[in-house]
Structures are given as structure tokens and as C-alpha cells.
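Asker: Take a look at this one; I'll ask things after.
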Amino acid sequence: MAGKVITVAQQKGGSGKTTLAAHLALGFRGMGLRVGLIDLDPQGSLGRWYVTRLEVDATLCDGIEFATASAWGIPIEVRKLSAACDVVIIDTPPKIDSDLRPALRVAQLVIVPVSVGHMDLWATEGVLDLAARENRPALVVLNRTRAGTRLAGEVLTAARAMGAPVAEAVLAQRVGYAEAMGRGRGAAETRGPAQDEVAALVAEVAARLQTG
Ligand SMILES: Nc1ncnc2c1ncn2[C@@H]1O[C@H](COP(=O)(O)OP(=O)(O)OP(=O)(O)O)[C@@H](O)[C@H]1O
Ligand SMILES: [Mg+2]
């Protein structure tokens, strides 16, 4: 895998874009890959996560490069980072407009988190349309699922009806994700169920990148 680019996008705020971007980065790093992160969101959450991580222990950021970019600067940053990294992950702001296009255009895979509890699905069609217009494959990832509720099944059915592939791996609603992110860490860095779900997601995404 060399210089593959993943863009995480979803119009709906709080769907888990930044959480997914960070956990995918840690997952790929755990596979021994060099990872580049680009924060396109002026809120800068991914950057704050990275800086917090650096402050905790700079070696935790070994193998992870970080950059910010404006929409028009994306191709330049991607070119720089993909020269040094196996995979580049772009976190985007919660809106879809023409500013998102450059970030979609450079991607081999567009990951669209859908926060199940919040019915983000209604906001999903727009980003799927935009990815399709740029001829980019998308993958919907269900986030904040709750075991034993019907909602995840309903959202899954509705997502499939939109014609989008939906990842088999899901991230459950776990306070560990929020807590870990606040400490510059990943929920899968401590033993527990998040480890398995993140590993499953990373494996699925890696497989798509290899065939894509
Ligand atoms: N699986 C999860 N379980 C519990 N909390 C989660 C989960 N995923 C995300 N969260 C929490 O939900 C909130 C929103 O997540 P996050 O910041 O990743 O979303 P976002 O799509 O990047 O938001 P924005 O659109 O503002 O950039 C955060 O407080 C985060 O910790
Ligand atoms: Mg975010």
C-alpha cells in the first residue's frame, strides 16, 4: 500500500468523522504503516488530538505525520504526505459544498460515518452524491451503534437502499471513544471491545484500498 488517500466526510456534525480518522490512523500505524493526517476542518479537533498526543509522549506520534490544509491546498499537502506515508487520512468539516470537492477528488476511498443514534442518514445522500460525481468509491460506516436496538438494522437497510456499500464493521456507542480522544489516545489502545471493532474496521478498509 503506497500513498493511498482516505477522505472522511459527512455533512452532519458530530457523526464521528474525527473519531474515525484518528482511530483509522492508529489502526494503520499498528499495522506498521506510515500514516499522514490532514485536518481540513477549521475547528481543528484532529490537530488538537494530535498535539495532545504529542504532549503525552512524543513517541506516540512516531509514524504519524500531521498537516492542516485549506480546501485548495489539499492536493499540495496530499502530494507531500503521500511521498512519505503509506496512507493519508483527511478529516473534513461538517458541510458539503464545493470546498469538499478537492478532498474527495484526491481520495481512493471516501468514508462516510453515520451516527446511528442521531439518524445522520438523512444527511448522507448529499456526500454520497458528491463522491459519485467525483467518481470516488464511498463506504458508509455505522458509528455509535447500540447492541440490542432495532435502529442499527433500520439504518443499515436505509443506507443499502441508497446504493452505498456499508462496512460490516461498526463502532459501538462507547464512552471509551470520547475519553480516549480527549487524552490524545485511541479507545483501541487499551484492551477491551473497542480493540476488536477498530481492528475489524481497519482490516476492512485496508482490503478496500488494496482492491480499489
Ligand atoms: N462510537 C462513539 N461512542 C461514543 N462517543 C462517540 C463515538 N463516536 C464519536 N463520539 C463522540 O461524539 C462526538 C462527535 O464525534 P466527532 O468529533 O468524532 O464527530 P465529527 O463528525 O468529527 O464532528 P464535527 O462534525 O463537529 O467535526 C465527540 O464528543 C466524540 O467523542
Ligand atoms: Mg470533526
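Starting from 1 in every chain, residues are counted up; chains themselves are A, B, ... following the order of the C-alpha cells, and ligands are numbered from 1 as listed.
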Hey, could you make a per-residue contact list for chain A against ligand 2 with 10 Å as the cut-off, showing the nearest pair of atoms and its distance in Å to one decimal, counting only C-alpha atoms and all ligand atoms, sorted by chain and number, as a tab-separated table?

Answerer:
residue	atom	partner	partner_atom_place_in_ligand_line	distance
A:Val8	CA	ligand 2	1 (Mg)	9.3
A:Ala9	CA	ligand 2	1 (Mg)	9.2
A:Gln10	CA	ligand 2	1 (Mg)	9.4
A:Lys12	CA	ligand 2	1 (Mg)	10.0
A:Gly13	CA	ligand 2	1 (Mg)	7.3
A:Gly14	CA	ligand 2	1 (Mg)	6.6
A:Ser15	CA	ligand 2	1 (Mg)	8.1
A:Gly16	CA	ligand 2	1 (Mg)	6.7
A:Lys17	CA	ligand 2	1 (Mg)	5.1
A:Thr18	CA	ligand 2	1 (Mg)	4.1
A:Thr19	CA	ligand 2	1 (Mg)	7.3
A:Leu20	CA	ligand 2	1 (Mg)	9.1
A:Ala21	CA	ligand 2	1 (Mg)	8.7
A:Asp39	CA	ligand 2	1 (Mg)	8.8
A:Leu40	CA	ligand 2	1 (Mg)	9.3
A:Asp41	CA	ligand 2	1 (Mg)	6.9
A:Pro42	CA	ligand 2	1 (Mg)	9.4
A:Gln43	CA	ligand 2	1 (Mg)	7.4
A:Gly44	CA	ligand 2	1 (Mg)	7.7
A:Ser45	CA	ligand 2	1 (Mg)	5.9
A:Leu46	CA	ligand 2	1 (Mg)	6.9
A:Asp91	CA	ligand 2	1 (Mg)	6.8
A:Thr92	CA	ligand 2	1 (Mg)	6.7
A:Pro93	CA	ligand 2	1 (Mg)	6.2
A:Pro94	CA	ligand 2	1 (Mg)	7.1

Asker: Keeping only N, CA and C atoms, write the selected residues as a tab-separated table (two decimals), in the first residue's frame.

Answerer:
chain	number	residue	atom	x	y	z
A	8	VAL	N	-12.53	11.32	5.03
A	8	VAL	CA	-13.67	11.06	5.90
A	8	VAL	C	-14.59	12.27	5.80
A	9	ALA	N	-15.81	12.05	5.33
A	9	ALA	CA	-16.71	13.19	5.08
A	9	ALA	C	-18.14	12.85	5.47
A	10	GLN	N	-18.81	13.82	6.00
A	10	GLN	CA	-20.24	13.70	6.36
A	10	GLN	C	-20.71	15.10	6.74
A	12	LYS	N	-23.32	15.97	8.31
A	12	LYS	CA	-23.88	16.06	9.66
A	12	LYS	C	-22.76	16.23	10.68
A	13	GLY	N	-22.85	17.25	11.49
A	13	GLY	CA	-21.85	17.46	12.54
A	13	GLY	C	-21.94	16.36	13.59
A	14	GLY	N	-20.82	16.03	14.17
A	14	GLY	CA	-20.79	15.09	15.29
A	14	GLY	C	-21.06	13.65	14.93
A	15	SER	N	-20.92	13.29	13.65
A	15	SER	CA	-21.21	11.91	13.25
A	15	SER	C	-20.06	10.96	13.58
A	16	GLY	N	-18.89	11.52	13.86
A	16	GLY	CA	-17.74	10.68	14.21
A	16	GLY	C	-16.60	10.75	13.20
A	17	LYS	N	-16.58	11.79	12.37
A	17	LYS	CA	-15.51	11.92	11.36
A	17	LYS	C	-14.13	11.92	12.02
A	18	THR	N	-13.98	12.82	13.01
A	18	THR	CA	-12.65	12.97	13.62
A	18	THR	C	-12.28	11.71	14.42
A	19	THR	N	-13.27	11.15	15.10
A	19	THR	CA	-13.03	9.91	15.86
A	19	THR	C	-12.57	8.80	14.92
A	20	LEU	N	-13.25	8.68	13.79
A	20	LEU	CA	-12.88	7.64	12.83
A	20	LEU	C	-11.51	7.90	12.23
A	21	ALA	N	-11.25	9.17	11.87
A	21	ALA	CA	-9.96	9.50	11.27
A	21	ALA	C	-8.82	9.11	12.21
A	39	ASP	N	-5.89	17.74	8.55
A	39	ASP	CA	-7.10	18.32	9.14
A	39	ASP	C	-7.56	19.48	8.28
A	40	LEU	N	-8.69	19.26	7.63
A	40	LEU	CA	-9.24	20.29	6.74
A	40	LEU	C	-10.27	21.14	7.48
A	41	ASP	N	-10.56	20.73	8.72
A	41	ASP	CA	-11.63	21.38	9.48
A	41	ASP	C	-11.07	22.54	10.30
A	42	PRO	N	-11.57	23.76	10.07
A	42	PRO	CA	-11.07	24.89	10.86
A	42	PRO	C	-11.31	24.74	12.37
A	43	GLN	N	-12.25	23.86	12.76
A	43	GLN	CA	-12.43	23.59	14.20
A	43	GLN	C	-11.16	22.97	14.79
A	44	GLY	N	-10.40	22.29	13.95
A	44	GLY	CA	-9.09	21.78	14.36
A	44	GLY	C	-9.09	20.67	15.39
A	45	SER	N	-10.17	19.89	15.46
A	45	SER	CA	-10.24	18.85	16.51
A	45	SER	C	-9.16	17.79	16.33
A	46	LEU	N	-8.93	17.40	15.09
A	46	LEU	CA	-7.92	16.35	14.86
A	46	LEU	C	-6.53	16.87	15.23
A	91	ASP	N	-9.45	14.52	7.38
A	91	ASP	CA	-10.66	14.80	8.17
A	91	ASP	C	-11.25	16.12	7.65
A	92	THR	N	-12.56	16.15	7.47
A	92	THR	CA	-13.18	17.31	6.82
A	92	THR	C	-14.22	17.97	7.73
A	93	PRO	N	-14.57	19.22	7.44
A	93	PRO	CA	-15.59	19.90	8.25
A	93	PRO	C	-16.99	19.37	7.96
A	94	PRO	N	-17.93	19.63	8.87
A	94	PRO	CA	-19.28	19.11	8.69
A	94	PRO	C	-20.12	19.92	7.72

Asker: Find the spatial neighbours of region 150-166 of chain A, counting only C-alpha atoms, within a cut-off of 9 Å - ignore same-chain residues fewer than 5 positions away - and output them as a PyMOL selection string.

Answerer: chain A and resi 114+116-117+119+121+124-125+128+137-142+145

Asker: Save the residues we just selected, C-alpha atoms, as a compact mmCIF listing (two decimals), in the first residue's frame?

Answerer:
# COMPACT_ATOMS: atom_id res chain seq x y z
CA VAL A 114 -23.31 7.61 10.10
CA VAL A 116 -26.88 5.62 14.29
CA GLY A 117 -28.41 7.20 17.35
CA MET A 119 -30.21 9.29 12.32
CA LEU A 121 -28.62 9.04 7.39
CA THR A 124 -25.74 11.11 3.97
CA GLU A 125 -27.21 11.23 0.49
CA LEU A 128 -22.64 10.08 -1.44
CA PRO A 137 -15.96 4.89 -4.13
CA ALA A 138 -17.63 5.51 -0.78
CA LEU A 139 -18.06 3.34 2.28
CA VAL A 140 -20.66 4.08 4.93
CA VAL A 141 -19.52 3.21 8.46
CA LEU A 142 -22.12 2.94 11.20
CA THR A 145 -24.45 1.63 17.39

Asker: Mind pulling up the distance from atom 5 (N, counted along the ligand's line) of ligand 1 to CA of Val175 (chain A)?

Answerer: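 The value is 5.4 Å.
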
Asker: With only C-alpha atoms as the atoms that count, which of A:Gly63, A:Leu24, A:Glu134, A:Gln173 lies nearest to Thr149 (chain A)?

Answerer: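 Ranked by minimum distance to Thr149 (chain A), first place goes to A:Gln173.
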
Asker: From the options A:Ala203, A:Ile96, A:Val106, A:Ala131, which residue's atoms come nearest to ligand 1, counting only C-alpha atoms and all ligand atoms?

Answerer: A:Ile96

Asker: Within region 126-185 of chain A, find each residue whose DSSP state, derived from the backbone, is helix (DSSP H, G or I), and express the selection as a VMD selection string.

Answerer: chain A and resid 126 to 133 151 to 161 175 to 182

Asker: Could the residues in this selection be saved with N, CA and C atoms as a PDB file, in the first residue's frame?

Answerer:
ATOM      1  N   GLY A 126     -26.269  13.465   0.352  1.00  0.00           N
ATOM      2  CA  GLY A 126     -25.525  14.555  -0.281  1.00  0.00           C
ATOM      3  C   GLY A 126     -24.068  14.204  -0.510  1.00  0.00           C
ATOM      4  N   VAL A 127     -23.426  13.666   0.506  1.00  0.00           N
ATOM      5  CA  VAL A 127     -21.999  13.363   0.380  1.00  0.00           C
ATOM      6  C   VAL A 127     -21.795  12.161  -0.555  1.00  0.00           C
ATOM      7  N   LEU A 128     -22.739  11.223  -0.515  1.00  0.00           N
ATOM      8  CA  LEU A 128     -22.638  10.084  -1.441  1.00  0.00           C
ATOM      9  C   LEU A 128     -22.769  10.561  -2.882  1.00  0.00           C
ATOM     10  N   ASP A 129     -23.675  11.497  -3.109  1.00  0.00           N
ATOM     11  CA  ASP A 129     -23.853  12.064  -4.461  1.00  0.00           C
ATOM     12  C   ASP A 129     -22.579  12.748  -4.932  1.00  0.00           C
ATOM     13  N   LEU A 130     -22.008  13.538  -4.026  1.00  0.00           N
ATOM     14  CA  LEU A 130     -20.804  14.299  -4.379  1.00  0.00           C
ATOM     15  C   LEU A 130     -19.640  13.347  -4.695  1.00  0.00           C
ATOM     16  N   ALA A 131     -19.508  12.293  -3.892  1.00  0.00           N
ATOM     17  CA  ALA A 131     -18.443  11.307  -4.136  1.00  0.00           C
ATOM     18  C   ALA A 131     -18.675  10.624  -5.488  1.00  0.00           C
ATOM     19  N   ALA A 132     -19.934  10.315  -5.759  1.00  0.00           N
ATOM     20  CA  ALA A 132     -20.249   9.651  -7.031  1.00  0.00           C
ATOM     21  C   ALA A 132     -19.934  10.567  -8.206  1.00  0.00           C
ATOM     22  N   ARG A 133     -20.228  11.849  -8.022  1.00  0.00           N
ATOM     23  CA  ARG A 133     -19.953  12.808  -9.096  1.00  0.00           C
ATOM     24  C   ARG A 133     -18.455  12.911  -9.377  1.00  0.00           C
ATOM     25  N   LEU A 151     -32.556   0.065  15.761  1.00  0.00           N
ATOM     26  CA  LEU A 151     -32.200   1.227  14.955  1.00  0.00           C
ATOM     27  C   LEU A 151     -31.051   0.947  13.978  1.00  0.00           C
ATOM     28  N   ALA A 152     -30.028   0.222  14.463  1.00  0.00           N
ATOM     29  CA  ALA A 152     -28.874  -0.053  13.601  1.00  0.00           C
ATOM     30  C   ALA A 152     -29.325  -0.809  12.354  1.00  0.00           C
ATOM     31  N   GLY A 153     -30.222  -1.788  12.549  1.00  0.00           N
ATOM     32  CA  GLY A 153     -30.737  -2.565  11.424  1.00  0.00           C
ATOM     33  C   GLY A 153     -31.493  -1.682  10.454  1.00  0.00           C
ATOM     34  N   GLU A 154     -32.293  -0.782  11.010  1.00  0.00           N
ATOM     35  CA  GLU A 154     -33.083   0.113  10.150  1.00  0.00           C
ATOM     36  C   GLU A 154     -32.176   1.037   9.346  1.00  0.00           C
ATOM     37  N   VAL A 155     -31.149   1.560  10.011  1.00  0.00           N
ATOM     38  CA  VAL A 155     -30.229   2.469   9.331  1.00  0.00           C
ATOM     39  C   VAL A 155     -29.457   1.711   8.253  1.00  0.00           C
ATOM     40  N   LEU A 156     -29.060   0.476   8.579  1.00  0.00           N
ATOM     41  CA  LEU A 156     -28.340  -0.365   7.624  1.00  0.00           C
ATOM     42  C   LEU A 156     -29.182  -0.572   6.361  1.00  0.00           C
ATOM     43  N   THR A 157     -30.444  -0.908   6.563  1.00  0.00           N
ATOM     44  CA  THR A 157     -31.333  -1.136   5.421  1.00  0.00           C
ATOM     45  C   THR A 157     -31.479   0.132   4.584  1.00  0.00           C
ATOM     46  N   ALA A 158     -31.655   1.257   5.281  1.00  0.00           N
ATOM     47  CA  ALA A 158     -31.842   2.521   4.563  1.00  0.00           C
ATOM     48  C   ALA A 158     -30.568   2.914   3.806  1.00  0.00           C
ATOM     49  N   ALA A 159     -29.396   2.673   4.419  1.00  0.00           N
ATOM     50  CA  ALA A 159     -28.130   3.015   3.760  1.00  0.00           C
ATOM     51  C   ALA A 159     -27.954   2.162   2.509  1.00  0.00           C
ATOM     52  N   ARG A 160     -28.284   0.885   2.643  1.00  0.00           N
ATOM     53  CA  ARG A 160     -28.155  -0.007   1.479  1.00  0.00           C
ATOM     54  C   ARG A 160     -29.091   0.419   0.367  1.00  0.00           C
ATOM     55  N   ALA A 161     -30.256   0.923   0.760  1.00  0.00           N
ATOM     56  CA  ALA A 161     -31.228   1.377  -0.243  1.00  0.00           C
ATOM     57  C   ALA A 161     -30.693   2.572  -1.026  1.00  0.00           C
ATOM     58  N   VAL A 175     -18.259   5.124  25.750  1.00  0.00           N
ATOM     59  CA  VAL A 175     -17.687   6.325  26.342  1.00  0.00           C
ATOM     60  C   VAL A 175     -16.164   6.319  26.169  1.00  0.00           C
ATOM     61  N   GLY A 176     -15.605   5.137  26.021  1.00  0.00           N
ATOM     62  CA  GLY A 176     -14.157   4.999  25.825  1.00  0.00           C
ATOM     63  C   GLY A 176     -13.639   5.762  24.621  1.00  0.00           C
ATOM     64  N   TYR A 177     -14.449   5.877  23.570  1.00  0.00           N
ATOM     65  CA  TYR A 177     -14.002   6.623  22.383  1.00  0.00           C
ATOM     66  C   TYR A 177     -13.818   8.106  22.725  1.00  0.00           C
ATOM     67  N   ALA A 178     -14.826   8.658  23.380  1.00  0.00           N
ATOM     68  CA  ALA A 178     -14.761  10.080  23.733  1.00  0.00           C
ATOM     69  C   ALA A 178     -13.637  10.337  24.732  1.00  0.00           C
ATOM     70  N   GLU A 179     -13.537   9.475  25.723  1.00  0.00           N
ATOM     71  CA  GLU A 179     -12.497   9.657  26.753  1.00  0.00           C
ATOM     72  C   GLU A 179     -11.104   9.566  26.157  1.00  0.00           C
ATOM     73  N   ALA A 180     -10.902   8.569  25.321  1.00  0.00           N
ATOM     74  CA  ALA A 180      -9.566   8.369  24.742  1.00  0.00           C
ATOM     75  C   ALA A 180      -9.186   9.554  23.853  1.00  0.00           C
ATOM     76  N   MET A 181     -10.117  10.017  23.042  1.00  0.00           N
ATOM     77  CA  MET A 181      -9.820  11.137  22.134  1.00  0.00           C
ATOM     78  C   MET A 181      -9.388  12.373  22.925  1.00  0.00           C
ATOM     79  N   GLY A 182     -10.039  12.617  24.045  1.00  0.00           N
ATOM     80  CA  GLY A 182      -9.716  13.774  24.878  1.00  0.00           C
ATOM     81  C   GLY A 182      -8.314  13.696  25.470  1.00  0.00           C
TER      82      GLY A 182
END
